[in-house]
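Reading through the structure tokens given below for one structure.
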Amino acid sequence: MSTFKIKLSLFLNYFVFAILLNSVGTVILQVQNNFGISKGSASTLEAFKDLSIAIASFLLASYVVRIGYKKAMLFALALVSVMCLIIPSVSTFLMTKLLFATVGVSFALIKVSVFATLGLITKSKKEHISLMSFLESFFMIGVLAGYFIFSAFVNDADPKSTEWFVVYYIIAGLSILAFLLLLSTRLDESPVKKAELEETKSLADDFAGMLRLIIFPLVLVFIFCAFFYVLIEQSIMSWLPTFNNDVLKLSTSLSIQMASIMSASIALGRFLAGLLLRKIDWLFFLVACLLAAAGLVLLTVPLAKNVSGIPVNSLSDIPLVAFAFPVIGLFLAPIYPAINSVILSNLPTHKHGSMSGLIVVFSALGGTTGSIITGHVFEAYGGQTAFYFSLLPIAILITLLFVFKKLQPKSVTPEIKAPDSHH
């Protein structure tokens with residue numbers, strides 16, 4: 001089975017959803033301007049996105065093997081294409097909620113299918129962790145592109161203008177292109193289907209199999225790692241445009257563009273991790289990254305106190321903190337793809353669909369929790385305090401990574417290989 005076209009299709013699917021999912025920070029800022037929404041209300045957009053991802057993953061992940069990875073991805077792409085074509089004509093706060101709910105359900109199908117497909121097209125643990133890092137790196141390039149696409153359509157002169165919704169026509173075009181590429185790509189799913197059908201008899205067994213994975217300590221600790229990582233990342237990413245606008249007094253378009261530095265940092269960090277993790281022990285590498293991230297918070301966030309408070313409309317007047325703080329993405333970047341790869345490569349390929357479902361569920365819950373807490377802390381105590389909050393989950397995550405490493409088997413054990421056995 002030639003893997004080049006499959007890989008290209010997975011990368012393009014991720015690119016489209018990267019733009020849509022991570023536009024939430026931009027949209028949070030814009031709905032406050034357009035519709036006079038409070039920070040607390042705007043933070044619910046994250047919940048519409050993430051809870052729909054969590055619910056869809058929980059209900060559908062174990063069935064994706066039966067539906068077929070390719071069919072599930074095609075359905076997801078078709079769904080978002082239609083929604084993106086509708087929203088510019090019906091630009092309301094309710095419609096943005098529905099858009100993110102649709103994107104969430106679709107991404108649940110995409111992510112579970114993409115993660116599970118990686119197990120079919122890679123031949124070793126090292127190849128798996130490397131491809132996972134490159135894929136997540138490309139996801140961040142999509143996020144980066146999204147900031148510039150959205151900021152190009154924002155009207156600084158009229159904050160209440162809704163003309164930026166036109167950007168969804170461009171995203172619809174990309175989604176249709178991704179659909180056509182996948183449609184013309186061959187993916188051999190027979191090894192997974194055969195193993196799945198031999199092991200389970202019904203859809204209820206599939207679902208129970210996903211839940212039974214949680215009883216393994218390795219899986220349970222991993223779930224907490226994923227939850228806290230995404231809590232950190234999303235609490236910063238979703239509120240960075242608002243922080244730039246409210247605290248640093250950047251114009252709306254500059255606020256969105258400067259937030260892209262974090263995405264660029266994550267993309268670079270994941271690309272470098274894809275190279276380095278072939279040679280370096282993952283635990284040492286990830287703990288060093290988290291300590292560096294905590295150090296950066298302590299060094300850069302206090303710089304926001306020195307901001308003059310004069311509105312900033314040009315690149316030359318932007319304060320140093322707007323450039324320095326988003327570089328935290330470089331240090332956060334390697335963690336998520338690395339821990340995902342470690343857990344998946346310790347399970348047989350026919351379990352990857354179910355495990356991917358758990359990854360998506362708990363990542364989504366972490367994202368929602370982080371964004372809503374940050375939104376309310378931001379509103380009550382200001383942006384600096386909100387970003388200092390990230391130090392607590394960073395400390396928890398470092399502790400969890402040591403436990404995760406200790407629980408990791410030296411090789412794939414029979415117990416881990418057969419979490420659905422009925423004894």
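Please note that chains go A, B, ... in the order of the structure tokens, that every chain numbers its residues from 1, and that ligands are numbered from 1 in the order shown.
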
Set the distance at 8 Å and use only C-alpha atoms: which residues neighbour Met258 in chain A once local chain neighbours fewer than 3 positions away are removed? I'd like the list as a compact mmCIF listing (two decimals) with C-alpha atoms, in the first residue's frame.
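Okay, this is what ended up in around_19.txt:
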```
# COMPACT_ATOMS: atom_id res chain seq x y z
CA PRO A 241 -6.07 37.71 20.97
CA ASN A 244 -3.34 41.46 23.17
CA LEU A 254 -2.76 43.17 15.16
CA SER A 255 -4.11 41.26 18.19
CA ILE A 261 3.36 33.71 16.98
CA ALA A 322 3.50 40.53 22.72
CA PHE A 323 6.46 38.91 20.93
```

**OP:** Using only C-alpha atoms, pick whichever of A:Thr368, A:Asn245, A:Asn13, A:Ser260 has the shortest atom-to-atom distance to Ile318 in chain A.
**Re:** A:Asn245

Subject >> Nearby residues (only C-alpha atoms) at most 12 Å from Thr185 in chain A, same-chain spacing under 5 positions excluded, as number ranges by chain >> reply: A: 1-10, 70-71, 73-74, 178-180

**OP:** Mind checking which residues fall within 12 Å of Gln408 in chain A, counting only C-alpha atoms, ignoring those fewer than 6 positions away in the same chain, and posting them as a list in words?
**Re:**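 The filter keeps Phe216, Pro217, Leu218, Val219, Leu220, Val221, Phe222, Trp282, Leu283, Ile339, Val342, Ile343, Leu344, Ser345, Asn346, Leu347, Leu401, Phe402 and Ile416 of chain A.
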
Just to be explicit: take each residue in the selection above, keep C-alpha atoms, and write the result as a PDB file, in the first residue's frame.
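Dumped to again31.pdb:
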```
ATOM      1  CA  PHE A 216      -5.400   0.236  32.799  1.00  0.00           C
ATOM      2  CA  PRO A 217      -3.254   2.524  34.989  1.00  0.00           C
ATOM      3  CA  LEU A 218      -1.109   3.483  31.962  1.00  0.00           C
ATOM      4  CA  VAL A 219      -4.207   4.625  30.063  1.00  0.00           C
ATOM      5  CA  LEU A 220      -5.693   6.399  33.089  1.00  0.00           C
ATOM      6  CA  VAL A 221      -2.537   8.427  33.775  1.00  0.00           C
ATOM      7  CA  PHE A 222      -2.234   9.214  30.067  1.00  0.00           C
ATOM      8  CA  TRP A 282      10.903  11.464  25.622  1.00  0.00           C
ATOM      9  CA  LEU A 283      10.511  11.986  29.408  1.00  0.00           C
ATOM     10  CA  ILE A 339       2.339  11.327  24.830  1.00  0.00           C
ATOM     11  CA  VAL A 342       3.577   6.629  23.465  1.00  0.00           C
ATOM     12  CA  ILE A 343       0.109   5.398  24.440  1.00  0.00           C
ATOM     13  CA  LEU A 344      -0.920   4.384  20.907  1.00  0.00           C
ATOM     14  CA  SER A 345       2.307   2.518  20.192  1.00  0.00           C
ATOM     15  CA  ASN A 346       1.726   0.479  23.377  1.00  0.00           C
ATOM     16  CA  LEU A 347      -1.594  -0.792  22.017  1.00  0.00           C
ATOM     17  CA  LEU A 401       4.710  12.495  33.137  1.00  0.00           C
ATOM     18  CA  PHE A 402       7.022  10.769  35.651  1.00  0.00           C
ATOM     19  CA  ILE A 416      -2.036  -4.137  27.363  1.00  0.00           C
TER      20      ILE A 416
END
```

**OP:** Find the spatial neighbours of range 57-61 of chain A, counting only C-alpha atoms, within a cut-off of 7 Å - ignore same-chain residues fewer than 2 positions away - and output them as number ranges by chain.
**Re:** A: 53-55, 63-64, 108, 112, 353-354, 357, 360-361

Could you save the residues just selected, with C-alpha atoms, as a compact mmCIF listing (two decimals), in the first residue's frame?
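What ended up in again-v5.txt:
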```
# COMPACT_ATOMS: atom_id res chain seq x y z
CA ILE A 53 -15.91 16.90 20.20
CA ALA A 54 -16.05 15.05 23.54
CA ILE A 55 -19.64 13.78 23.16
CA TYR A 63 -17.93 2.58 15.90
CA VAL A 64 -15.53 4.32 13.52
CA ALA A 108 -14.08 14.02 16.49
CA VAL A 112 -10.13 9.40 15.67
CA GLY A 353 -9.67 3.77 17.14
CA SER A 354 -11.02 3.29 20.67
CA GLY A 357 -11.67 8.30 21.03
CA VAL A 360 -10.20 13.23 21.83
CA VAL A 361 -12.78 13.13 24.66
```

Subject >> Residues within 12 Å of Gln32 in chain A, only C-alpha atoms, excluding chain neighbours under 2 positions, as a list in words >> reply: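 Contacts, with the query itself left out: Gly25, Thr26, Val27, Ile28, Leu29, Gln30, Asn34, Phe35, Gly36, Ile37, Ser38, Lys39, Gly40, Ser41, Ala42, Ser43, Leu45, Thr92, Phe93, Pro159, Lys160, Ser161, Thr162, Pro241, Thr242, Asn245, Asp246 and Thr252 of chain A.
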
May I have the residues from that selection written out with C-alpha atoms, as a compact mmCIF listing (two decimals), in the first residue's frame?
```
# COMPACT_ATOMS: atom_id res chain seq x y z
CA GLY A 25 -9.74 32.78 19.95
CA THR A 26 -10.34 35.17 17.04
CA VAL A 27 -14.10 34.57 17.11
CA ILE A 28 -14.21 35.08 20.92
CA LEU A 29 -12.67 38.53 20.35
CA GLN A 30 -14.92 39.32 17.37
CA ASN A 34 -19.80 42.53 16.97
CA PHE A 35 -22.58 41.52 19.33
CA GLY A 36 -21.59 43.13 22.68
CA ILE A 37 -21.07 39.74 24.34
CA SER A 38 -19.33 39.53 27.76
CA LYS A 39 -16.08 37.55 28.20
CA GLY A 40 -17.94 34.92 30.22
CA SER A 41 -20.54 34.42 27.46
CA ALA A 42 -17.90 34.45 24.72
CA SER A 43 -15.98 31.69 26.52
CA LEU A 45 -17.87 29.09 22.25
CA THR A 92 -25.22 35.77 14.44
CA PHE A 93 -23.79 34.67 17.81
CA PRO A 159 -15.45 46.86 15.23
CA LYS A 160 -19.12 45.99 14.76
CA SER A 161 -18.63 44.99 11.08
CA THR A 162 -19.46 41.32 10.36
CA PRO A 241 -6.07 37.71 20.97
CA THR A 242 -8.21 39.18 23.80
CA ASN A 245 -6.41 43.66 22.60
CA ASP A 246 -7.47 44.35 26.23
CA THR A 252 -8.03 43.99 16.57
```

**OP:** Would you return as a count of residues only the members of range 264-301 of chain A that DSSP assigns to alpha helix (DSSP H) on this structure's backbone?
**Re:** 32

Subject >> CA of Ala273 in chain A to CA of Val403 in chain A, straight-line distance in Å >> reply: 21.5 Å

**OP:** For Phe228 in chain A, work out the shell of residues within 9 Å, counting only C-alpha atoms and skipping chain neighbours fewer than 6 positions away, then give it as a list in words.
**Re:** Ser363, Gly366, Gly367, Gly370, Pro393, Ile394, Ile396 and Leu397 of chain A

For those residues, write N, CA and C atoms to a file as an mmCIF file, in the first residue's frame.
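In the end it all went to again20.cif:
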```cif
data_model
loop_
_atom_site.group_PDB
_atom_site.id
_atom_site.type_symbol
_atom_site.label_atom_id
_atom_site.label_comp_id
_atom_site.auth_asym_id
_atom_site.auth_seq_id
_atom_site.Cartn_x
_atom_site.Cartn_y
_atom_site.Cartn_z
ATOM 1 N N SER A 363 -9.083 15.385 25.771
ATOM 2 C CA SER A 363 -8.452 16.610 25.263
ATOM 3 C C SER A 363 -9.501 17.714 25.174
ATOM 4 N N GLY A 366 -10.419 19.036 28.560
ATOM 5 C CA GLY A 366 -9.338 19.895 29.041
ATOM 6 C C GLY A 366 -9.382 21.270 28.403
ATOM 7 N N GLY A 367 -9.640 21.307 27.092
ATOM 8 C CA GLY A 367 -9.718 22.583 26.367
ATOM 9 C C GLY A 367 -10.833 23.474 26.877
ATOM 10 N N GLY A 370 -10.052 24.714 30.528
ATOM 11 C CA GLY A 370 -9.031 25.761 30.518
ATOM 12 C C GLY A 370 -9.549 27.086 30.029
ATOM 13 N N PRO A 393 -1.325 23.969 36.323
ATOM 14 C CA PRO A 393 -1.400 22.724 35.533
ATOM 15 C C PRO A 393 -0.049 22.283 34.972
ATOM 16 N N ILE A 394 0.901 23.215 34.739
ATOM 17 C CA ILE A 394 2.242 22.820 34.278
ATOM 18 C C ILE A 394 2.918 21.956 35.358
ATOM 19 N N ILE A 396 1.434 20.181 37.707
ATOM 20 C CA ILE A 396 0.718 18.893 37.791
ATOM 21 C C ILE A 396 1.155 17.971 36.654
ATOM 22 N N LEU A 397 1.284 18.524 35.441
ATOM 23 C CA LEU A 397 1.636 17.725 34.269
ATOM 24 C C LEU A 397 3.044 17.131 34.386
#
```

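The two atoms in question, CA of Lys97 in chain A and CA of Lys49 in chain A, are spaced 7.9 Å apart.
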